[in-house]
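Peer 1: So that you have it, the file is start01.txt, and it contains compact mmCIF, C-alpha atoms (C1' of nucleotides):
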```
# COMPACT_ATOMS: atom_id res chain seq x y z
CA MET S 1 -12.32 8.65 -11.00
CA ASP S 2 -14.43 7.81 -7.94
CA ALA S 3 -13.09 6.05 -4.86
CA ARG S 4 -14.45 2.65 -5.91
CA THR S 5 -12.78 2.78 -9.33
CA GLN S 6 -9.59 4.10 -7.74
CA ALA S 7 -9.59 1.13 -5.36
CA ARG S 8 -10.06 -1.35 -8.19
CA TYR S 9 -7.10 -0.06 -10.16
CA GLN S 10 -5.06 0.16 -6.98
CA THR S 11 -5.64 -3.54 -6.34
CA ARG S 12 -4.76 -4.47 -9.90
CA ALA S 13 -1.62 -2.34 -9.75
CA GLN S 14 -0.51 -4.20 -6.62
CA VAL S 15 -0.45 -7.47 -8.53
CA LEU S 16 1.58 -5.97 -11.37
CA LYS S 17 3.90 -4.24 -8.90
CA ALA S 18 4.65 -7.63 -7.37
CA LEU S 19 5.83 -8.79 -10.79
CA ALA S 20 7.69 -5.61 -11.67
CA HIS S 21 11.13 -6.58 -10.42
CA PRO S 22 13.86 -8.51 -12.24
CA SER S 23 14.44 -11.02 -9.42
CA ARG S 24 10.73 -11.67 -8.97
CA LEU S 25 10.21 -12.16 -12.71
CA PHE S 26 13.09 -14.60 -12.69
CA ILE S 27 11.56 -16.48 -9.76
CA VAL S 28 8.20 -16.75 -11.53
CA ASP S 29 9.97 -18.02 -14.62
CA GLN S 30 11.81 -20.65 -12.60
CA LEU S 31 8.68 -21.75 -10.76
CA ALA S 32 7.01 -22.25 -14.12
CA GLY S 33 9.23 -25.33 -14.43
CA GLY S 34 8.21 -26.66 -11.04
CA GLU S 35 8.62 -25.99 -7.33
CA HIS S 36 11.82 -24.66 -5.79
CA SER S 37 13.07 -24.10 -2.27
CA VAL S 38 14.24 -20.69 -1.06
CA ALA S 39 17.84 -21.92 -1.00
CA GLU S 40 17.64 -23.12 -4.61
CA LEU S 41 16.31 -19.77 -5.80
CA THR S 42 18.93 -17.96 -3.71
CA ALA S 43 21.70 -19.93 -5.41
CA MET S 44 20.38 -18.92 -8.82
CA LEU S 45 19.89 -15.25 -7.96
CA GLU S 46 23.14 -14.75 -6.06
CA VAL S 47 21.70 -12.33 -3.52
CA ASP S 48 21.18 -12.65 0.22
CA ILE S 49 18.68 -15.32 1.23
CA SER S 50 16.75 -12.76 3.26
CA THR S 51 16.27 -10.71 0.11
CA VAL S 52 14.92 -13.74 -1.76
CA SER S 53 12.63 -14.57 1.13
CA LYS S 54 11.21 -11.06 1.01
CA HIS S 55 10.67 -11.26 -2.74
CA LEU S 56 8.81 -14.54 -2.25
CA SER S 57 6.74 -12.95 0.49
CA ILE S 58 5.73 -10.18 -1.90
CA LEU S 59 4.76 -12.72 -4.60
CA LYS S 60 2.81 -14.71 -2.01
CA THR S 61 0.92 -11.69 -0.71
CA ALA S 62 0.01 -10.81 -4.29
CA GLY S 63 -1.47 -14.28 -4.74
CA LEU S 64 1.06 -15.35 -7.36
CA VAL S 65 2.83 -18.16 -5.51
CA LEU S 66 2.08 -20.70 -2.79
CA ASP S 67 4.44 -21.84 -0.06
CA GLN S 68 4.57 -25.32 1.41
CA ARG S 69 6.88 -26.38 4.20
CA ARG S 70 8.31 -29.91 4.06
CA GLY S 71 10.70 -30.54 6.89
CA LYS S 72 13.18 -27.74 7.21
CA GLN S 73 12.63 -26.48 3.70
CA VAL S 74 9.93 -24.29 2.21
CA PHE S 75 8.96 -24.97 -1.38
CA TYR S 76 7.30 -22.38 -3.54
CA THR S 77 5.02 -23.07 -6.50
CA LEU S 78 3.27 -20.90 -9.05
CA GLN S 79 -0.33 -20.31 -8.01
CA THR S 80 -1.59 -18.57 -11.14
CA PRO S 81 0.28 -19.76 -14.25
CA CYS S 82 -1.56 -17.30 -16.51
CA VAL S 83 1.06 -14.70 -15.57
CA LEU S 84 3.41 -16.61 -17.85
CA SER S 85 1.41 -15.23 -20.77
CA PHE S 86 2.71 -11.80 -19.74
CA PHE S 87 6.16 -12.72 -20.95
CA GLY S 88 4.98 -13.12 -24.53
CA CYS S 89 3.29 -9.74 -24.54
CA VAL S 90 6.27 -8.06 -22.91
CA GLU S 91 8.43 -9.38 -25.74
CA THR S 92 5.95 -7.88 -28.21
CA VAL S 93 6.24 -4.54 -26.44
CA LEU S 94 10.01 -4.71 -26.58
CA SER S 95 9.92 -5.55 -30.29
CA ALA S 96 7.67 -2.56 -30.88
CA ARG S 97 10.17 -0.43 -28.99
CA VAL S 98 13.02 -1.62 -31.17
CA GLN S 99 10.91 -1.00 -34.28
CA GLU S 100 10.21 2.52 -33.03
CA ARG S 101 13.91 3.25 -32.66
CA ILE S 102 14.63 1.97 -36.17
CA GLU S 103 11.99 4.28 -37.60
CA LEU S 104 13.34 7.25 -35.64
CA ALA S 105 16.84 6.52 -36.89
CA ARG S 106 15.74 6.75 -40.53
CA MET F 107 22.26 -15.35 -12.76
CA ASP F 108 24.80 -13.94 -15.23
CA ALA F 109 24.85 -10.34 -16.42
CA ARG F 110 23.07 -11.11 -19.69
CA THR F 111 20.19 -12.89 -17.98
CA GLN F 112 20.03 -10.15 -15.38
CA ALA F 113 19.75 -7.55 -18.15
CA ARG F 114 16.95 -9.46 -19.86
CA TYR F 115 14.81 -9.62 -16.72
CA GLN F 116 15.65 -6.01 -15.95
CA THR F 117 14.26 -4.94 -19.32
CA ARG F 118 11.13 -7.02 -18.88
CA ALA F 119 10.61 -5.63 -15.40
CA GLN F 120 10.76 -2.09 -16.78
CA VAL F 121 7.74 -2.79 -18.97
CA LEU F 122 5.76 -4.22 -16.07
CA LYS F 123 6.84 -1.38 -13.81
CA ALA F 124 5.40 1.07 -16.31
CA LEU F 125 2.04 -0.67 -15.90
CA ALA F 126 2.26 -1.08 -12.14
CA HIS F 127 0.49 2.09 -11.10
CA PRO F 128 -3.27 2.67 -10.68
CA SER F 129 -3.38 5.80 -12.83
CA ARG F 130 -1.35 4.22 -15.60
CA LEU F 131 -3.53 1.10 -15.61
CA PHE F 132 -6.57 3.34 -15.85
CA ILE F 133 -5.03 5.23 -18.75
CA VAL F 134 -4.29 2.00 -20.62
CA ASP F 135 -7.85 0.87 -20.01
CA GLN F 136 -9.21 4.15 -21.37
CA LEU F 137 -6.96 4.08 -24.42
CA ALA F 138 -8.27 0.60 -25.17
CA GLY F 139 -11.46 2.37 -26.22
CA GLY F 140 -9.63 4.79 -28.51
CA GLU F 141 -7.30 7.76 -28.44
CA HIS F 142 -7.49 10.48 -25.78
CA SER F 143 -5.81 13.84 -25.24
CA VAL F 144 -3.83 14.62 -22.10
CA ALA F 145 -6.56 17.01 -20.97
CA GLU F 146 -9.25 14.34 -21.35
CA LEU F 147 -7.30 11.83 -19.28
CA THR F 148 -6.54 14.53 -16.70
CA ALA F 149 -10.25 15.24 -16.31
CA MET F 150 -10.93 11.55 -15.68
CA LEU F 151 -8.07 11.07 -13.24
CA GLU F 152 -8.55 14.28 -11.28
CA VAL F 153 -4.86 14.88 -10.67
CA ASP F 154 -2.53 17.60 -11.90
CA ILE F 155 -2.01 17.63 -15.66
CA SER F 156 1.75 17.53 -15.17
CA THR F 157 1.34 14.29 -13.27
CA VAL F 158 -0.70 12.78 -16.09
CA SER F 159 1.84 13.97 -18.62
CA LYS F 160 4.58 12.21 -16.67
CA HIS F 161 2.57 9.00 -16.45
CA LEU F 162 2.08 9.11 -20.21
CA SER F 163 5.77 9.72 -20.69
CA ILE F 164 6.53 6.59 -18.66
CA LEU F 165 4.08 4.53 -20.74
CA LYS F 166 5.57 5.95 -23.93
CA THR F 167 9.15 5.18 -22.90
CA ALA F 168 8.07 1.62 -22.10
CA GLY F 169 6.67 1.28 -25.62
CA LEU F 170 3.08 0.91 -24.49
CA VAL F 171 1.55 4.04 -26.01
CA LEU F 172 2.13 6.36 -28.94
CA ASP F 173 1.72 10.13 -28.96
CA GLN F 174 0.55 12.19 -31.86
CA ARG F 175 0.26 15.97 -31.85
CA ARG F 176 -2.65 17.54 -33.73
CA GLY F 177 -2.73 21.29 -33.34
CA LYS F 178 -2.40 22.26 -29.70
CA GLN F 179 -3.39 18.85 -28.41
CA VAL F 180 -1.49 15.63 -28.05
CA PHE F 181 -3.42 12.41 -28.50
CA TYR F 182 -2.27 9.13 -27.05
CA THR F 183 -3.10 5.68 -28.38
CA LEU F 184 -2.36 2.15 -27.25
CA GLN F 185 0.66 0.78 -29.09
CA THR F 186 0.55 -2.83 -27.88
CA PRO F 187 -3.02 -3.91 -27.16
CA CYS F 188 -1.91 -7.31 -25.90
CA VAL F 189 -1.38 -5.71 -22.50
CA LEU F 190 -5.16 -5.71 -22.17
CA SER F 191 -4.95 -9.48 -21.73
CA PHE F 192 -3.14 -8.76 -18.45
CA PHE F 193 -6.37 -7.53 -16.91
CA GLY F 194 -8.02 -10.92 -17.28
CA CYS F 195 -5.14 -12.71 -15.62
CA VAL F 196 -4.94 -10.15 -12.84
CA GLU F 197 -8.60 -10.82 -12.09
CA THR F 198 -7.78 -14.53 -11.91
CA VAL F 199 -5.00 -13.79 -9.45
CA LEU F 200 -7.36 -11.70 -7.34
CA SER F 201 -9.96 -14.47 -7.36
CA ALA F 202 -7.31 -16.94 -6.23
CA ARG F 203 -6.42 -14.54 -3.43
CA VAL F 204 -10.02 -14.36 -2.28
CA GLN F 205 -10.29 -18.15 -2.47
CA GLU F 206 -7.16 -18.42 -0.35
CA ARG F 207 -8.64 -16.20 2.36
CA ILE F 208 -11.84 -18.25 2.43
CA GLU F 209 -9.86 -21.45 2.95
CA LEU F 210 -7.79 -19.85 5.69
CA ALA F 211 -10.94 -18.67 7.45
CA ARG F 212 -12.32 -22.20 7.66
C1' DC R 213 4.94 39.98 -32.45
C1' DC R 214 2.11 39.03 -28.54
C1' DT R 215 -1.18 36.19 -26.22
C1' DA R 216 -3.58 32.12 -25.07
C1' DC R 217 -3.93 27.27 -24.83
C1' DG R 218 -2.34 22.51 -24.24
C1' DT R 219 1.38 20.04 -22.92
C1' DT R 220 6.08 19.00 -21.12
C1' DT R 221 10.00 19.59 -18.08
C1' DG R 222 12.64 20.97 -13.80
C1' DG R 223 12.78 21.00 -9.08
C1' DC R 224 11.48 19.68 -4.73
C1' DA R 225 9.47 17.10 -0.58
C1' DA R 226 7.03 13.00 0.86
C1' DT R 227 6.68 8.24 0.50
C1' DA R 228 7.90 3.57 -1.05
C1' DT R 229 11.15 -0.02 -2.37
C1' DA R 230 15.54 -2.86 -2.20
C1' DG R 231 19.17 -5.05 -0.05
C1' DC R 232 22.22 -6.14 3.63
C1' DC R 233 23.15 -7.76 8.45
C1' DA R 234 21.54 -9.47 12.66
C1' DA R 235 18.21 -11.57 15.42
C1' DG R 236 14.20 -14.63 15.73
C1' DT R 237 11.34 -18.92 14.46
C1' DG R 238 10.37 -23.82 13.30
C1' DA R 239 11.70 -28.39 12.40
C1' DT R 240 15.15 -32.13 12.86
C1' DG R 241 18.63 -34.83 14.88
C1' DT R 242 21.78 -35.92 19.02
C1' DA N 243 17.60 -29.85 26.28
C1' DC N 244 20.83 -28.33 22.83
C1' DA N 245 22.69 -27.54 18.36
C1' DT N 246 21.97 -27.08 13.63
C1' DC N 247 19.75 -26.14 9.36
C1' DA N 248 16.33 -23.54 6.47
C1' DC N 249 13.94 -19.76 6.44
C1' DT N 250 11.59 -15.28 8.07
C1' DT N 251 11.43 -10.84 10.24
C1' DG N 252 13.26 -6.38 12.14
C1' DG N 253 16.01 -2.61 11.47
C1' DC N 254 18.66 0.23 8.89
C1' DT N 255 20.48 3.02 4.84
C1' DA N 256 20.53 3.91 -0.06
C1' DT N 257 17.87 4.58 -3.95
C1' DA N 258 13.57 5.20 -6.69
C1' DT N 259 8.92 6.83 -7.33
C1' DT N 260 5.09 10.05 -6.87
C1' DG N 261 2.80 14.34 -7.27
C1' DC N 262 2.60 19.17 -6.77
C1' DC N 263 4.03 23.93 -8.33
C1' DA N 264 6.36 26.84 -11.40
C1' DA N 265 8.65 27.62 -15.55
C1' DA N 266 9.47 26.42 -20.36
C1' DC N 267 7.85 24.86 -24.88
C1' DG N 268 5.04 24.38 -29.24
C1' DT N 269 1.10 25.71 -31.92
C1' DA N 270 -2.60 28.71 -33.46
C1' DG N 271 -4.97 33.05 -33.76
C1' DG N 272 -5.35 38.19 -33.44
```
Rewrite the structure from the file as structure tokens, please.

Peer 2:
Amino acid sequence: MDARTQARYQTRAQVLKALAHPSRLFIVDQLAGGEHSVAELTAMLEVDISTVSKHLSILKTAGLVLDQRRGKQVFYTLQTPCVLSFFGCVETVLSARVQERIELAR
Amino acid sequence: MDARTQARYQTRAQVLKALAHPSRLFIVDQLAGGEHSVAELTAMLEVDISTVSKHLSILKTAGLVLDQRRGKQVFYTLQTPCVLSFFGCVETVLSARVQERIELAR
DNA sequence: CCTACGTTTGGCAATATAGCCAAGTGATGT
DNA sequence: ACATCACTTGGCTATATTGCCAAACGTAGG
């Protein structure tokens, strides 16, 4: 694998890495239903607001969400809704995993 | 977020985490074209074979690939090809990121 | 049985990630 | 100007991930 190819997969991996965290997946799922402020997401996640802010920063850097300040609040929206299609596939993967276990148990 | 919800996103995140590494993305991409042995993938990736074996183990645990021993070799195949659709969306995200930078530069 | 080959596993050090608290920033109202 | 609210950033520790080497394992052939 040459340096150029390596770099391409590295970049792609960064996007997936941004999604590969329970809280960040939850955030994306919530934003699918419309914009939310940091405080709103914090209330749902029940972790420190600084932690939520950092998660949002990671999603933003990855190009997955957009931030928009209105007054004192900052509202986040989903920038690339196609990531929602990941959820369906992930469920398929999980089903396959369950199927696998059933077959092993036989 | 209650414990049940937390667990659901945790499980989903595990699948994405398995994909969120350059070498593992490369492997998935290669397996899209058909089965490959550990040695073949090692030659392409140019890292230690034990490292490749561990990457494959992670993909297998996540339910993304299947292993099949034939003689001395072990061949891996893609178990859930829908993950290939991720690549398209990731490219969209990257395009959006580039677009973003252009607008900022103005 | 012994050896060779392909692969996996254990162990370790280097690096990256997650979450909290505390301090800083930006906007609003007094 | 000052205080307050909403959020971000810095700094820290705990935990997880990565990749190498070495050792173990499974299969096939002599």

Peer 1: Dump as a list of chain:residue names the residues of chain S that approach chain R to within 10 Å, counting all atoms listed in the file.

Peer 2: S:Val47, S:Asp48, S:Ser50, S:Thr51, S:Val52, S:Lys54, S:His55, S:Arg69, S:Arg70, S:Gly71, S:Lys72, S:Gln73

Peer 1: Just checking: using only C-alpha atoms, which residue out of S:Gln30, S:Ile49, S:Val90, S:Leu104 ends up closest to Gln116 in chain F?

Peer 2: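 Closest to Gln116 in chain F, using only C-alpha atoms: S:Val90.
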
Peer 1: Might you pull out every residue within 8 Å of Glu152 in chain F, with only C-alpha atoms (C1' of nucleotides) counted and same-chain residues fewer than 3 positions away left off, and present them as a list in words?

Peer 2: Met1 of chain S; Thr148 and Ala149 of chain F

Peer 1: If we count all atoms listed in the file, what is near Ser37 in chain S at a cut-off of 10 Å, once residues fewer than 2 positions away on the same chain are taken out, given as an NGL selection string?

Peer 2: (:S and (31 or 35 or 39-42 or 67-70 or 73-77)) or (:N and (248-249))

Peer 1: Select, from F:Ser159, F:Glu209, F:Gly194, F:Leu165, the residue with the minimum atom-to-atom distance to Val134 in chain F, counting all atoms listed in the file.

Peer 2: F:Leu165

Peer 1: With only C-alpha atoms (C1' of nucleotides) as the counted atoms, please give the residues lying no more than 9 Å from Gly63 in chain S, apart from itself and same-chain residues fewer than 5 positions off, as JSON, numbers by chain.

Peer 2: {"S": [15, 58, 79, 80], "F": [199, 200, 201, 202, 203, 204, 206]}

Peer 1: With a distance threshold of 10 Å and counting all atoms listed in the file, extract the residues of chain N near chain F and express them as a PyMOL selection string.

Peer 2: chain N and resi 260-263+268-270

Peer 1: Suppose you want the space between CA of Arg114 in chain F and CA of Glu91 in chain S; what is it in Å?

Peer 2: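 Result for CA of Arg114 in chain F versus CA of Glu91 in chain S: 10.4 Å, one decimal.
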
Peer 1: One decimal, in Å: what's the spacing between CA of Ile208 in chain F and CA of Gln14 in chain S?

Peer 2: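 Interatomic distance, CA of Ile208 in chain F to CA of Gln14 in chain S: 20.2 Å.
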
Peer 1: C1' of DT255 in chain N to CA of Arg24 in chain S: how many Å, to one decimal?

Peer 2: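 We find that C1' of DT255 in chain N and CA of Arg24 in chain S lie 22.4 Å from each other.
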